[in-house]
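Colleague: Contents of structure-v8.pdb (PDB, C-alpha atoms and all ligand atoms):
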```
ATOM      1  CA  MET A  21      -2.615 -11.582  13.471  1.00  0.00           C
ATOM      2  CA  THR A  22      -4.612 -12.411  10.378  1.00  0.00           C
ATOM      3  CA  CYS A  23      -7.549 -10.335   9.274  1.00  0.00           C
ATOM      4  CA  GLU A  24     -10.575 -12.266   8.075  1.00  0.00           C
ATOM      5  CA  VAL A  25     -12.149 -10.762   4.997  1.00  0.00           C
ATOM      6  CA  ASP A  26     -15.667 -11.287   3.700  1.00  0.00           C
ATOM      7  CA  ALA A  27     -16.219 -12.465   0.147  1.00  0.00           C
ATOM      8  CA  PRO A  28     -15.532  -9.443  -2.032  1.00  0.00           C
ATOM      9  CA  ASN A  29     -18.535  -7.586  -3.346  1.00  0.00           C
ATOM     10  CA  VAL A  30     -16.744  -5.464  -5.861  1.00  0.00           C
ATOM     11  CA  PRO A  31     -18.194  -2.334  -7.455  1.00  0.00           C
ATOM     12  CA  THR A  32     -17.296  -1.681 -11.092  1.00  0.00           C
ATOM     13  CA  GLY A  33     -18.292   1.863 -12.130  1.00  0.00           C
ATOM     14  CA  ALA A  34     -21.167   4.397 -11.988  1.00  0.00           C
ATOM     15  CA  ALA A  35     -22.650   6.374  -9.106  1.00  0.00           C
ATOM     16  CA  ASP A  36     -24.115   3.513  -7.051  1.00  0.00           C
ATOM     17  CA  ASP A  37     -20.768   1.812  -7.121  1.00  0.00           C
ATOM     18  CA  VAL A  38     -18.949   4.893  -5.859  1.00  0.00           C
ATOM     19  CA  VAL A  39     -21.318   4.991  -2.884  1.00  0.00           C
ATOM     20  CA  GLU A  40     -20.754   1.301  -2.293  1.00  0.00           C
ATOM     21  CA  LEU A  41     -16.976   1.597  -2.541  1.00  0.00           C
ATOM     22  CA  SER A  42     -17.031   4.505  -0.126  1.00  0.00           C
ATOM     23  CA  SER A  43     -19.112   2.594   2.414  1.00  0.00           C
ATOM     24  CA  ARG A  44     -16.812  -0.416   2.065  1.00  0.00           C
ATOM     25  CA  TRP A  45     -13.869   1.907   2.732  1.00  0.00           C
ATOM     26  CA  ARG A  46     -15.537   3.114   5.951  1.00  0.00           C
ATOM     27  CA  GLU A  47     -16.012  -0.495   7.029  1.00  0.00           C
ATOM     28  CA  HIS A  48     -12.304  -1.146   6.525  1.00  0.00           C
ATOM     29  CA  ALA A  49     -11.465   2.032   8.436  1.00  0.00           C
ATOM     30  CA  ALA A  50     -13.631   0.904  11.383  1.00  0.00           C
ATOM     31  CA  ARG A  51     -12.108  -2.581  11.291  1.00  0.00           C
ATOM     32  CA  PHE A  52      -8.599  -1.141  11.210  1.00  0.00           C
ATOM     33  CA  THR A  53      -9.376   1.052  14.235  1.00  0.00           C
ATOM     34  CA  SER A  54     -10.753  -1.856  16.263  1.00  0.00           C
ATOM     35  CA  ALA A  55      -7.875  -4.148  15.262  1.00  0.00           C
ATOM     36  CA  ARG A  56      -5.458  -1.497  16.551  1.00  0.00           C
ATOM     37  CA  ALA A  57      -7.358  -1.192  19.820  1.00  0.00           C
ATOM     38  CA  GLN A  58      -7.039  -4.951  20.413  1.00  0.00           C
ATOM     39  CA  LEU A  59      -3.272  -5.041  20.004  1.00  0.00           C
ATOM     40  CA  PRO A  60      -1.600  -5.600  23.368  1.00  0.00           C
ATOM     41  CA  HIS A  61       1.519  -3.455  22.886  1.00  0.00           C
ATOM     42  CA  GLY A  62       0.458  -1.010  20.210  1.00  0.00           C
ATOM     43  CA  ASP A  63       2.576  -2.808  17.614  1.00  0.00           C
ATOM     44  CA  GLY A  64       1.240  -5.338  15.145  1.00  0.00           C
ATOM     45  CA  ALA A  65       0.217  -5.913  11.557  1.00  0.00           C
ATOM     46  CA  LEU A  66      -2.705  -7.222   9.540  1.00  0.00           C
ATOM     47  CA  LEU A  67      -1.886  -9.812   6.888  1.00  0.00           C
ATOM     48  CA  VAL A  68      -4.394 -10.802   4.206  1.00  0.00           C
ATOM     49  CA  ASP A  69      -2.902 -13.486   1.965  1.00  0.00           C
ATOM     50  CA  ARG A  70      -4.515 -13.727  -1.486  1.00  0.00           C
ATOM     51  CA  ALA A  71      -1.631 -15.645  -3.112  1.00  0.00           C
ATOM     52  CA  SER A  72      -0.916 -12.786  -5.523  1.00  0.00           C
ATOM     53  CA  ALA A  73       2.316 -11.705  -7.245  1.00  0.00           C
ATOM     54  CA  VAL A  74       1.809  -8.154  -6.008  1.00  0.00           C
ATOM     55  CA  VAL A  75       1.685  -7.580  -2.247  1.00  0.00           C
ATOM     56  CA  LEU A  76       0.426  -4.195  -1.058  1.00  0.00           C
ATOM     57  CA  THR A  77       2.029  -2.788   2.073  1.00  0.00           C
ATOM     58  CA  ALA A  78       1.086   0.158   4.293  1.00  0.00           C
ATOM     59  CA  PRO A  79       3.724   0.952   6.932  1.00  0.00           C
ATOM     60  CA  HIS A  80       2.521   4.433   7.887  1.00  0.00           C
ATOM     61  CA  GLY A  81      -1.211   4.089   8.523  1.00  0.00           C
ATOM     62  CA  THR A  82      -0.536   4.877  12.203  1.00  0.00           C
ATOM     63  CA  PRO A  83       1.985   7.072  14.039  1.00  0.00           C
ATOM     64  CA  HIS A  84       5.324   5.347  13.487  1.00  0.00           C
ATOM     65  CA  TYR A  85       9.017   5.480  14.238  1.00  0.00           C
ATOM     66  CA  ARG A  86      11.235   6.391  11.305  1.00  0.00           C
ATOM     67  CA  ALA A  87      14.819   7.596  10.970  1.00  0.00           C
ATOM     68  CA  GLY A  88      15.272   8.823  14.528  1.00  0.00           C
ATOM     69  CA  ALA A  89      11.834  10.161  15.423  1.00  0.00           C
ATOM     70  CA  MET A  90       8.130   9.443  15.710  1.00  0.00           C
ATOM     71  CA  LYS A  91       6.171  10.574  12.645  1.00  0.00           C
ATOM     72  CA  GLN A  92       2.493  11.267  12.136  1.00  0.00           C
ATOM     73  CA  ALA A  93       0.361   8.757  10.247  1.00  0.00           C
ATOM     74  CA  ASP A  94      -0.079   8.954   6.481  1.00  0.00           C
ATOM     75  CA  LEU A  95      -3.779   9.393   7.105  1.00  0.00           C
ATOM     76  CA  HIS A  96      -6.138   6.613   5.924  1.00  0.00           C
ATOM     77  CA  THR A  97      -3.442   4.705   4.027  1.00  0.00           C
ATOM     78  CA  GLY A  98      -4.158   1.640   6.205  1.00  0.00           C
ATOM     79  CA  SER A  99      -7.839   1.402   5.249  1.00  0.00           C
ATOM     80  CA  LEU A 100      -7.117   2.506   1.663  1.00  0.00           C
ATOM     81  CA  THR A 101      -4.661  -0.380   1.309  1.00  0.00           C
ATOM     82  CA  LEU A 102      -7.103  -2.911   2.815  1.00  0.00           C
ATOM     83  CA  LEU A 103      -9.784  -1.691   0.375  1.00  0.00           C
ATOM     84  CA  ALA A 104      -7.515  -1.593  -2.696  1.00  0.00           C
ATOM     85  CA  GLY A 105      -6.208  -5.083  -1.885  1.00  0.00           C
ATOM     86  CA  GLU A 106      -9.717  -6.451  -1.580  1.00  0.00           C
ATOM     87  CA  VAL A 107     -10.944  -4.880  -4.831  1.00  0.00           C
ATOM     88  CA  ALA A 108      -7.758  -5.756  -6.753  1.00  0.00           C
ATOM     89  CA  ASN A 109      -7.644  -9.238  -5.181  1.00  0.00           C
ATOM     90  CA  VAL A 110      -4.016  -8.917  -4.070  1.00  0.00           C
ATOM     91  CA  SER A 111      -2.405  -9.642  -0.699  1.00  0.00           C
ATOM     92  CA  THR A 112      -1.947  -6.887   1.870  1.00  0.00           C
ATOM     93  CA  VAL A 113       0.331  -6.330   4.870  1.00  0.00           C
ATOM     94  CA  VAL A 114      -0.754  -3.309   6.898  1.00  0.00           C
ATOM     95  CA  SER A 115       1.107  -2.067   9.945  1.00  0.00           C
ATOM     96  CA  ALA A 116      -1.236  -1.403  12.865  1.00  0.00           C
ATOM     97  CA  GLY A 117       1.417   0.257  15.025  1.00  0.00           C
ATOM     98  CA  ALA A 118       5.199   0.663  14.780  1.00  0.00           C
ATOM     99  CA  ARG A 119       6.512   2.602  17.741  1.00  0.00           C
ATOM    100  CA  ALA A 120       9.657   0.575  18.406  1.00  0.00           C
ATOM    101  CA  GLU A 121      12.894   2.334  17.440  1.00  0.00           C
ATOM    102  CA  TRP A 122      14.982   0.950  14.582  1.00  0.00           C
ATOM    103  CA  ASP A 123      17.686   2.207  12.267  1.00  0.00           C
ATOM    104  CA  THR A 124      18.336  -0.563   9.765  1.00  0.00           C
ATOM    105  CA  TRP A 125      16.099  -3.280   8.323  1.00  0.00           C
ATOM    106  CA  ASP A 126      18.497  -5.909   9.715  1.00  0.00           C
ATOM    107  CA  GLU A 127      17.628  -4.898  13.258  1.00  0.00           C
ATOM    108  CA  ARG A 128      13.926  -4.242  12.767  1.00  0.00           C
ATOM    109  CA  ASP A 129      11.937  -7.221  14.044  1.00  0.00           C
ATOM    110  CA  ASP A 130       8.268  -6.354  14.464  1.00  0.00           C
ATOM    111  CA  GLU A 131       5.218  -8.160  13.107  1.00  0.00           C
ATOM    112  CA  PHE A 132       5.015  -6.024   9.959  1.00  0.00           C
ATOM    113  CA  THR A 133       8.625  -6.795   9.015  1.00  0.00           C
ATOM    114  CA  ARG A 134       8.292 -10.486   9.888  1.00  0.00           C
ATOM    115  CA  HIS A 135       5.288 -10.832   7.557  1.00  0.00           C
ATOM    116  CA  LEU A 136       7.358  -9.326   4.741  1.00  0.00           C
ATOM    117  CA  ARG A 137      10.347 -11.567   5.418  1.00  0.00           C
ATOM    118  CA  ASP A 138       8.056 -14.635   5.424  1.00  0.00           C
ATOM    119  CA  LEU A 139       6.533 -13.928   1.982  1.00  0.00           C
ATOM    120  CA  ARG A 140       6.949 -16.796  -0.478  1.00  0.00           C
ATOM    121  CA  GLU A 141       5.965 -17.448  -4.086  1.00  0.00           C
ATOM    122  CA  PRO A 142       3.976 -16.288  -5.931  1.00  0.00           C
ATOM    123  CA  ALA A 143       4.893 -12.964  -4.248  1.00  0.00           C
ATOM    124  CA  ARG A 144       7.251 -11.045  -6.566  1.00  0.00           C
ATOM    125  CA  MET A 145       6.691  -7.376  -5.917  1.00  0.00           C
ATOM    126  CA  LEU A 146       5.915  -5.196  -2.902  1.00  0.00           C
ATOM    127  CA  ILE A 147       3.884  -2.083  -3.695  1.00  0.00           C
ATOM    128  CA  ASP A 148       4.158   0.237  -0.736  1.00  0.00           C
ATOM    129  CA  ILE A 149       1.315   2.721  -0.167  1.00  0.00           C
ATOM    130  CA  HIS A 150       1.939   6.145   1.408  1.00  0.00           C
ATOM    131  CA  GLY A 151       0.300   9.535   1.663  1.00  0.00           C
ATOM    132  CA  MET A 152       1.702  12.867   0.461  1.00  0.00           C
ATOM    133  CA  GLY A 153       0.394  16.412   0.848  1.00  0.00           C
ATOM    134  CA  ASP A 154      -1.764  17.943  -1.873  1.00  0.00           C
ATOM    135  CA  HIS A 155       0.704  20.820  -2.255  1.00  0.00           C
ATOM    136  CA  HIS A 156       3.136  18.507  -4.066  1.00  0.00           C
ATOM    137  CA  GLY A 157       0.789  18.610  -7.060  1.00  0.00           C
ATOM    138  CA  PRO A 158       0.348  15.141  -8.607  1.00  0.00           C
ATOM    139  CA  ASP A 159      -2.426  12.730  -7.659  1.00  0.00           C
ATOM    140  CA  PHE A 160       0.028   9.843  -7.371  1.00  0.00           C
ATOM    141  CA  CYS A 161       3.820   9.682  -7.180  1.00  0.00           C
ATOM    142  CA  LEU A 162       5.564   6.415  -8.056  1.00  0.00           C
ATOM    143  CA  GLY A 163       8.955   5.890  -6.394  1.00  0.00           C
ATOM    144  CA  THR A 164      11.155   3.269  -8.049  1.00  0.00           C
ATOM    145  CA  GLY A 165      13.616   2.841  -5.172  1.00  0.00           C
ATOM    146  CA  PRO A 166      17.384   2.316  -5.001  1.00  0.00           C
ATOM    147  CA  ARG A 167      17.600  -0.684  -7.327  1.00  0.00           C
ATOM    148  CA  PRO A 168      14.805  -0.679  -9.926  1.00  0.00           C
ATOM    149  CA  GLY A 169      14.783  -3.410 -12.572  1.00  0.00           C
ATOM    150  CA  ALA A 170      12.550  -4.730 -15.339  1.00  0.00           C
ATOM    151  CA  LEU A 171       9.553  -5.434 -13.092  1.00  0.00           C
ATOM    152  CA  GLU A 172       9.570  -1.910 -11.683  1.00  0.00           C
ATOM    153  CA  GLU A 173       9.770  -0.516 -15.224  1.00  0.00           C
ATOM    154  CA  LEU A 174       6.825  -2.671 -16.280  1.00  0.00           C
ATOM    155  CA  ALA A 175       4.735  -1.676 -13.251  1.00  0.00           C
ATOM    156  CA  VAL A 176       5.403   2.035 -13.827  1.00  0.00           C
ATOM    157  CA  GLU A 177       4.350   1.723 -17.472  1.00  0.00           C
ATOM    158  CA  ILE A 178       1.109  -0.087 -16.553  1.00  0.00           C
ATOM    159  CA  LEU A 179       0.242   2.295 -13.707  1.00  0.00           C
ATOM    160  CA  ARG A 180       0.816   5.404 -15.832  1.00  0.00           C
ATOM    161  CA  THR A 181      -1.509   4.031 -18.502  1.00  0.00           C
ATOM    162  CA  GLU A 182      -4.184   2.592 -16.218  1.00  0.00           C
ATOM    163  CA  LEU A 183      -4.365   5.595 -13.887  1.00  0.00           C
ATOM    164  CA  GLU A 184      -5.189   8.100 -16.644  1.00  0.00           C
ATOM    165  CA  PRO A 185      -6.533  10.788 -16.394  1.00  0.00           C
ATOM    166  CA  PHE A 186      -5.001  11.114 -12.919  1.00  0.00           C
ATOM    167  CA  GLU A 187      -1.655  12.914 -12.806  1.00  0.00           C
ATOM    168  CA  VAL A 188       1.100  10.413 -12.076  1.00  0.00           C
ATOM    169  CA  ALA A 189       4.633  11.573 -11.243  1.00  0.00           C
ATOM    170  CA  VAL A 190       7.640   9.247 -11.194  1.00  0.00           C
ATOM    171  CA  ASP A 191      10.513   9.604  -8.697  1.00  0.00           C
ATOM    172  CA  ALA A 192       9.778  13.264  -7.956  1.00  0.00           C
ATOM    173  CA  PRO A 193       9.109  14.449  -5.342  1.00  0.00           C
ATOM    174  CA  PHE A 194       9.497  10.958  -3.784  1.00  0.00           C
ATOM    175  CA  ASP A 195      11.836   8.294  -5.214  1.00  0.00           C
ATOM    176  CA  ALA A 196      11.782   5.722  -2.341  1.00  0.00           C
ATOM    177  CA  ARG A 197      15.578   5.510  -2.385  1.00  0.00           C
ATOM    178  CA  PRO A 198      16.309   6.043   1.332  1.00  0.00           C
ATOM    179  CA  HIS A 199      17.507   2.897   3.102  1.00  0.00           C
ATOM    180  CA  TYR A 200      14.474   2.836   5.442  1.00  0.00           C
ATOM    181  CA  THR A 201      11.785   2.465   2.719  1.00  0.00           C
ATOM    182  CA  VAL A 202       9.895  -0.791   2.215  1.00  0.00           C
ATOM    183  CA  THR A 203      10.879  -0.480  -1.452  1.00  0.00           C
ATOM    184  CA  SER A 204      14.523  -0.565  -0.363  1.00  0.00           C
ATOM    185  CA  LEU A 205      13.827  -3.575   1.890  1.00  0.00           C
ATOM    186  CA  ALA A 206      12.248  -5.424  -1.061  1.00  0.00           C
ATOM    187  CA  GLN A 207      14.955  -4.594  -3.588  1.00  0.00           C
ATOM    188  CA  ARG A 208      18.051  -4.877  -1.385  1.00  0.00           C
ATOM    189  CA  HIS A 209      17.138  -7.464   1.257  1.00  0.00           C
ATOM    190  CA  LEU A 210      14.240  -9.652   0.137  1.00  0.00           C
ATOM    191  CA  GLY A 211      15.050 -10.385  -3.503  1.00  0.00           C
ATOM    192  CA  LEU A 212      11.699  -8.893  -4.534  1.00  0.00           C
ATOM    193  CA  ALA A 213      10.807  -6.032  -6.803  1.00  0.00           C
ATOM    194  CA  GLY A 214       9.517  -2.928  -5.020  1.00  0.00           C
ATOM    195  CA  LEU A 215       7.612   0.223  -5.867  1.00  0.00           C
ATOM    196  CA  GLN A 216       6.287   3.041  -3.716  1.00  0.00           C
ATOM    197  CA  ILE A 217       3.021   4.845  -4.416  1.00  0.00           C
ATOM    198  CA  GLU A 218       2.349   8.160  -2.692  1.00  0.00           C
ATOM    199  CA  VAL A 219      -1.337   9.111  -2.797  1.00  0.00           C
ATOM    200  CA  ALA A 220      -2.328  12.781  -2.505  1.00  0.00           C
ATOM    201  CA  ALA A 221      -4.371  13.717   0.582  1.00  0.00           C
ATOM    202  CA  ARG A 222      -7.418  14.743  -1.521  1.00  0.00           C
ATOM    203  CA  TRP A 223      -7.858  11.077  -2.512  1.00  0.00           C
ATOM    204  CA  ARG A 224      -7.588   9.653   0.990  1.00  0.00           C
ATOM    205  CA  SER A 225     -10.911  10.257   2.676  1.00  0.00           C
ATOM    206  CA  PRO A 226     -13.191   7.285   3.430  1.00  0.00           C
ATOM    207  CA  ARG A 227     -15.897   9.766   4.451  1.00  0.00           C
ATOM    208  CA  ASP A 228     -15.904  11.653   1.139  1.00  0.00           C
ATOM    209  CA  GLU A 229     -17.431   9.902  -1.855  1.00  0.00           C
ATOM    210  CA  ALA A 230     -15.528  12.277  -4.139  1.00  0.00           C
ATOM    211  CA  ALA A 231     -12.340  10.409  -3.125  1.00  0.00           C
ATOM    212  CA  ALA A 232     -13.596   7.014  -4.300  1.00  0.00           C
ATOM    213  CA  PRO A 233     -12.697   7.280  -8.035  1.00  0.00           C
ATOM    214  CA  ALA A 234      -8.969   7.378  -7.276  1.00  0.00           C
ATOM    215  CA  VAL A 235      -8.956   4.259  -5.104  1.00  0.00           C
ATOM    216  CA  SER A 236     -11.170   2.555  -7.666  1.00  0.00           C
ATOM    217  CA  ALA A 237      -8.716   3.423 -10.469  1.00  0.00           C
ATOM    218  CA  LEU A 238      -5.784   2.393  -8.299  1.00  0.00           C
ATOM    219  CA  ALA A 239      -7.330  -1.007  -7.519  1.00  0.00           C
ATOM    220  CA  GLN A 240      -8.046  -1.645 -11.193  1.00  0.00           C
ATOM    221  CA  ALA A 241      -4.496  -0.660 -12.126  1.00  0.00           C
ATOM    222  CA  LEU A 242      -3.087  -2.961  -9.429  1.00  0.00           C
ATOM    223  CA  THR A 243      -5.034  -5.910 -10.840  1.00  0.00           C
ATOM    224  CA  ALA A 244      -3.398  -5.241 -14.208  1.00  0.00           C
ATOM    225  CA  VAL A 245       0.043  -5.012 -12.605  1.00  0.00           C
ATOM    226  CA  ASP A 246      -0.513  -8.266 -10.700  1.00  0.00           C
ATOM    227  CA  GLU A 247      -1.506 -10.113 -13.894  1.00  0.00           C
ATOM    228  CA  ARG A 248       1.471  -8.842 -15.882  1.00  0.00           C
ATOM    229  CA  ILE A 249       4.011  -9.370 -13.085  1.00  0.00           C
ATOM    230  CA  ARG A 250       2.769 -12.933 -12.658  1.00  0.00           C
ATOM    231  CA  GLU A 251       3.326 -13.598 -16.375  1.00  0.00           C
ATOM    232  CA  ALA A 252       6.673 -11.753 -16.605  1.00  0.00           C
ATOM    233  CA  ALA A 253       9.796 -13.884 -16.981  1.00  0.00           C
TER     234      ALA A 253
HETATM  235 ZN    ZN A 301       4.777   7.341   4.501  1.00  0.00          ZN
END
```
What would you get if you wrote out this structure as structure tokens?
Modeller:
Amino acid sequence: MTCEVDAPNVPTGAADDVVELSSRWREHAARFTSARAQLPHGDGALLVDRASAVVLTAPHGTPHYRAGAMKQADLHTGSLTLLAGEVANVSTVVSAGARAEWDTWDERDDEFTRHLRDLREPARMLIDIHGMGDHHGPDFCLGTGPRPGALEELAVEILRTELEPFEVAVDAPFDARPHYTVTSLAQRHLGLAGLQIEVAARWRSPRDEAAAPAVSALAQALTAVDERIREAA
């Protein structure tokens, strides 16, 4: 299913804009909830194609099956990804339910995975959005996956610079190396670059305007990554 998106009305700084970004986030959260309710079997995904080099993914915005068990949602990562994609003007693929059991990417065949397998140029890099607990410390953790190359290195460099003064960790505590990560799917199966971004819980609340600066900074950083990845040889 494809999610229709209104023409972006993008805030760019200051207090009014934080309020506006926050209210836009709540709209995405409401839309995500109603899209989930309309899915017949509880599994599905929202694709918004903006013909970008970077494609944002959110596999854990809902309770999901992973490595032998059901896991709780990475709270608000679905709506955060829809919002960041809209502001950054990059494509998004957001899982709206993933309860079917799977062990390897070869056998997984739900709508989320099919959208990723069907990606074509100019898509070059999946950036996979997750949520981590505040107790880990950093605001963001970048995971470079099992097979990082030049594009991952470039994206890490840009994100570390653009996300200042937020604290950005790399590969610890989360490196995205396990076989079941979307980063692993991108690097090992799809011929794409891949990077995971874990966002601390304190920056994942659509109802708290104090959380808006992080998603704003993230969206701006993602625009920079998209531009540079597009130009990279
Ligand atoms: Zn996750």
Colleague: Looking at all atoms listed in the file, which of A:Asp94, A:Glu172, A:Glu182, A:Glu40 is the one that sits closest to A:His150?
Modeller: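 Of A:Asp94, A:Glu172, A:Glu182, A:Glu40, the one nearest A:His150 is A:Asp94, counting all atoms listed in the file.
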Colleague: Apply the PyMOL selection byres (((not hetatm)) within 12 of (chain A and resi 301)) to the displayed file and report the matching residues as an mmCIF file with C-alpha atoms, in the coordinates of the input.
Modeller:
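result.cif, freshly written:
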```cif
data_model
loop_
_atom_site.group_PDB
_atom_site.id
_atom_site.type_symbol
_atom_site.label_atom_id
_atom_site.label_comp_id
_atom_site.auth_asym_id
_atom_site.auth_seq_id
_atom_site.Cartn_x
_atom_site.Cartn_y
_atom_site.Cartn_z
ATOM 1 C CA THR A 77 2.029 -2.788 2.073
ATOM 2 C CA ALA A 78 1.086 0.158 4.293
ATOM 3 C CA PRO A 79 3.724 0.952 6.932
ATOM 4 C CA HIS A 80 2.521 4.433 7.887
ATOM 5 C CA GLY A 81 -1.211 4.089 8.523
ATOM 6 C CA THR A 82 -0.536 4.877 12.203
ATOM 7 C CA PRO A 83 1.985 7.072 14.039
ATOM 8 C CA HIS A 84 5.324 5.347 13.487
ATOM 9 C CA TYR A 85 9.017 5.480 14.238
ATOM 10 C CA ARG A 86 11.235 6.391 11.305
ATOM 11 C CA ALA A 87 14.819 7.596 10.970
ATOM 12 C CA MET A 90 8.130 9.443 15.710
ATOM 13 C CA LYS A 91 6.171 10.574 12.645
ATOM 14 C CA GLN A 92 2.493 11.267 12.136
ATOM 15 C CA ALA A 93 0.361 8.757 10.247
ATOM 16 C CA ASP A 94 -0.079 8.954 6.481
ATOM 17 C CA LEU A 95 -3.779 9.393 7.105
ATOM 18 C CA HIS A 96 -6.138 6.613 5.924
ATOM 19 C CA THR A 97 -3.442 4.705 4.027
ATOM 20 C CA GLY A 98 -4.158 1.640 6.205
ATOM 21 C CA SER A 115 1.107 -2.067 9.945
ATOM 22 C CA ASP A 148 4.158 0.237 -0.736
ATOM 23 C CA ILE A 149 1.315 2.721 -0.167
ATOM 24 C CA HIS A 150 1.939 6.145 1.408
ATOM 25 C CA GLY A 151 0.300 9.535 1.663
ATOM 26 C CA MET A 152 1.702 12.867 0.461
ATOM 27 C CA GLY A 153 0.394 16.412 0.848
ATOM 28 C CA CYS A 161 3.820 9.682 -7.180
ATOM 29 C CA GLY A 163 8.955 5.890 -6.394
ATOM 30 C CA PHE A 194 9.497 10.958 -3.784
ATOM 31 C CA ALA A 196 11.782 5.722 -2.341
ATOM 32 C CA TYR A 200 14.474 2.836 5.442
ATOM 33 C CA THR A 201 11.785 2.465 2.719
ATOM 34 C CA VAL A 202 9.895 -0.791 2.215
ATOM 35 C CA THR A 203 10.879 -0.480 -1.452
ATOM 36 C CA GLN A 216 6.287 3.041 -3.716
ATOM 37 C CA ILE A 217 3.021 4.845 -4.416
ATOM 38 C CA GLU A 218 2.349 8.160 -2.692
ATOM 39 C CA VAL A 219 -1.337 9.111 -2.797
ATOM 40 C CA ALA A 220 -2.328 12.781 -2.505
ATOM 41 C CA ALA A 221 -4.371 13.717 0.582
#
```
Colleague: Pull out every residue that the PyMOL selection byres (((chain A and resi 66) around 12) and not hetatm) matches in the shown coordinates and put them as a PyMOL selection string.
Modeller: chain A and resi 21-25+48+51-56+58-59+63-65+67-69+76-79+81+98-99+101-102+111-117+131-136
Colleague: Can you work out which one of A:Pro60, A:Val39, A:Ala104, A:Pro166 has the shortest atom-to-atom distance to A:Arg208, counting only C-alpha atoms?
Modeller: A:Pro166
Colleague: Within 8 Å of (-15.7, 7.6, 9.1) in the file's own coordinates, which protein, DNA or RNA residues have an atom, counting only C-alpha atoms? List them as an mmCIF file with C-alpha atoms, in the coordinates of the input.
Modeller:
```cif
data_model
loop_
_atom_site.group_PDB
_atom_site.id
_atom_site.type_symbol
_atom_site.label_atom_id
_atom_site.label_comp_id
_atom_site.auth_asym_id
_atom_site.auth_seq_id
_atom_site.Cartn_x
_atom_site.Cartn_y
_atom_site.Cartn_z
ATOM 1 C CA ARG A 46 -15.537 3.114 5.951
ATOM 2 C CA ALA A 49 -11.465 2.032 8.436
ATOM 3 C CA ALA A 50 -13.631 0.904 11.383
ATOM 4 C CA PRO A 226 -13.191 7.285 3.430
ATOM 5 C CA ARG A 227 -15.897 9.766 4.451
#
```
Colleague: What is the atom CA of A:Val107-atom CA of A:Asp195 distance in Å, reported with one decimal?
Modeller: 26.3 Å
Colleague: How big is the axis-aligned box, and where does its centre sit, when it encloses all atoms of stretch 98-107 of chain A listed in the file and has 6 Å added on every side, reported in Å to one decimal as JSON?
Modeller:
```
{"center_x": -7.6, "center_y": -2.0, "center_z": 0.7, "size_x": 18.8, "size_y": 21.0, "size_z": 23.0}
```
Colleague: Go through A:Ala189, A:Leu183, A:Ala170, A:Met145 one by one, measure the shortest atom-to-atom distance of each to A:Leu238 using all atoms listed in the file, and give the residue with the smallest value.
Modeller: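 So, comparing all the options, the nearest one is A:Leu183.
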Colleague: What does the distance between atom CA of A:Gly105 and atom CA of A:Leu179 come to in Å, to one decimal place?
Modeller: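 We find that atom CA of A:Gly105 and atom CA of A:Leu179 lie 15.4 Å from each other.
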Colleague: From the set A:His156, A:Ser72, A:His209, A:Gly88, which residue has the shortest atom-to-atom contact distance to A:Ala120, counting all atoms listed in the file?
Modeller: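 Among the listed residues, A:Gly88 lies closest to A:Ala120.
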Colleague: Provide the atom CA of A:Leu242 to atom CA of A:Arg197 distance in Å, to one decimal place.
Modeller: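 The value is 21.7 Å.
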Colleague: On this file, the PyMOL selection byres (((chain A and resi 169) around 12) and not hetatm) gives some set of residues; write that set as a count of residues only.
Modeller: 21
Colleague: When you count only C-alpha atoms, which of these residues is closest to A:Ala234: A:Asp123, A:Glu47, A:Asp138, A:Glu184?
Modeller: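 For A:Ala234, the nearest of the given residues is A:Glu184.
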Colleague: Need the neighbours of (0.8, -13.4, -5.5): which residues are at most 12 Å away, counting all atoms listed in the file, as a PyMOL selection string?
Modeller: chain A and resi 68-76+105+108-112+139-147+212+242-243+245-251
Colleague: Write a file of the just-selected residues containing C-alpha atoms, as a short mmCIF file (atom, residue, chain, number, x, y, z; two decimals), keeping the file's coordinate frame.
Modeller:
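The resulting out_26.cif:
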```cif
data_model
loop_
_atom_site.label_atom_id
_atom_site.label_comp_id
_atom_site.auth_asym_id
_atom_site.auth_seq_id
_atom_site.Cartn_x
_atom_site.Cartn_y
_atom_site.Cartn_z
CA VAL A 68 -4.39 -10.80 4.21
CA ASP A 69 -2.90 -13.49 1.96
CA ARG A 70 -4.51 -13.73 -1.49
CA ALA A 71 -1.63 -15.64 -3.11
CA SER A 72 -0.92 -12.79 -5.52
CA ALA A 73 2.32 -11.70 -7.24
CA VAL A 74 1.81 -8.15 -6.01
CA VAL A 75 1.68 -7.58 -2.25
CA LEU A 76 0.43 -4.20 -1.06
CA GLY A 105 -6.21 -5.08 -1.88
CA ALA A 108 -7.76 -5.76 -6.75
CA ASN A 109 -7.64 -9.24 -5.18
CA VAL A 110 -4.02 -8.92 -4.07
CA SER A 111 -2.40 -9.64 -0.70
CA THR A 112 -1.95 -6.89 1.87
CA LEU A 139 6.53 -13.93 1.98
CA ARG A 140 6.95 -16.80 -0.48
CA GLU A 141 5.96 -17.45 -4.09
CA PRO A 142 3.98 -16.29 -5.93
CA ALA A 143 4.89 -12.96 -4.25
CA ARG A 144 7.25 -11.04 -6.57
CA MET A 145 6.69 -7.38 -5.92
CA LEU A 146 5.92 -5.20 -2.90
CA ILE A 147 3.88 -2.08 -3.70
CA LEU A 212 11.70 -8.89 -4.53
CA LEU A 242 -3.09 -2.96 -9.43
CA THR A 243 -5.03 -5.91 -10.84
CA VAL A 245 0.04 -5.01 -12.60
CA ASP A 246 -0.51 -8.27 -10.70
CA GLU A 247 -1.51 -10.11 -13.89
CA ARG A 248 1.47 -8.84 -15.88
CA ILE A 249 4.01 -9.37 -13.08
CA ARG A 250 2.77 -12.93 -12.66
CA GLU A 251 3.33 -13.60 -16.38
#
```
Colleague: Between A:Ser43, A:Ala241, A:His155, A:Asp228, which is the closest to A:Glu177 once you count all atoms listed in the file?
Modeller: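 With all atoms listed in the file as the atom set, the closest residue is A:Ala241.
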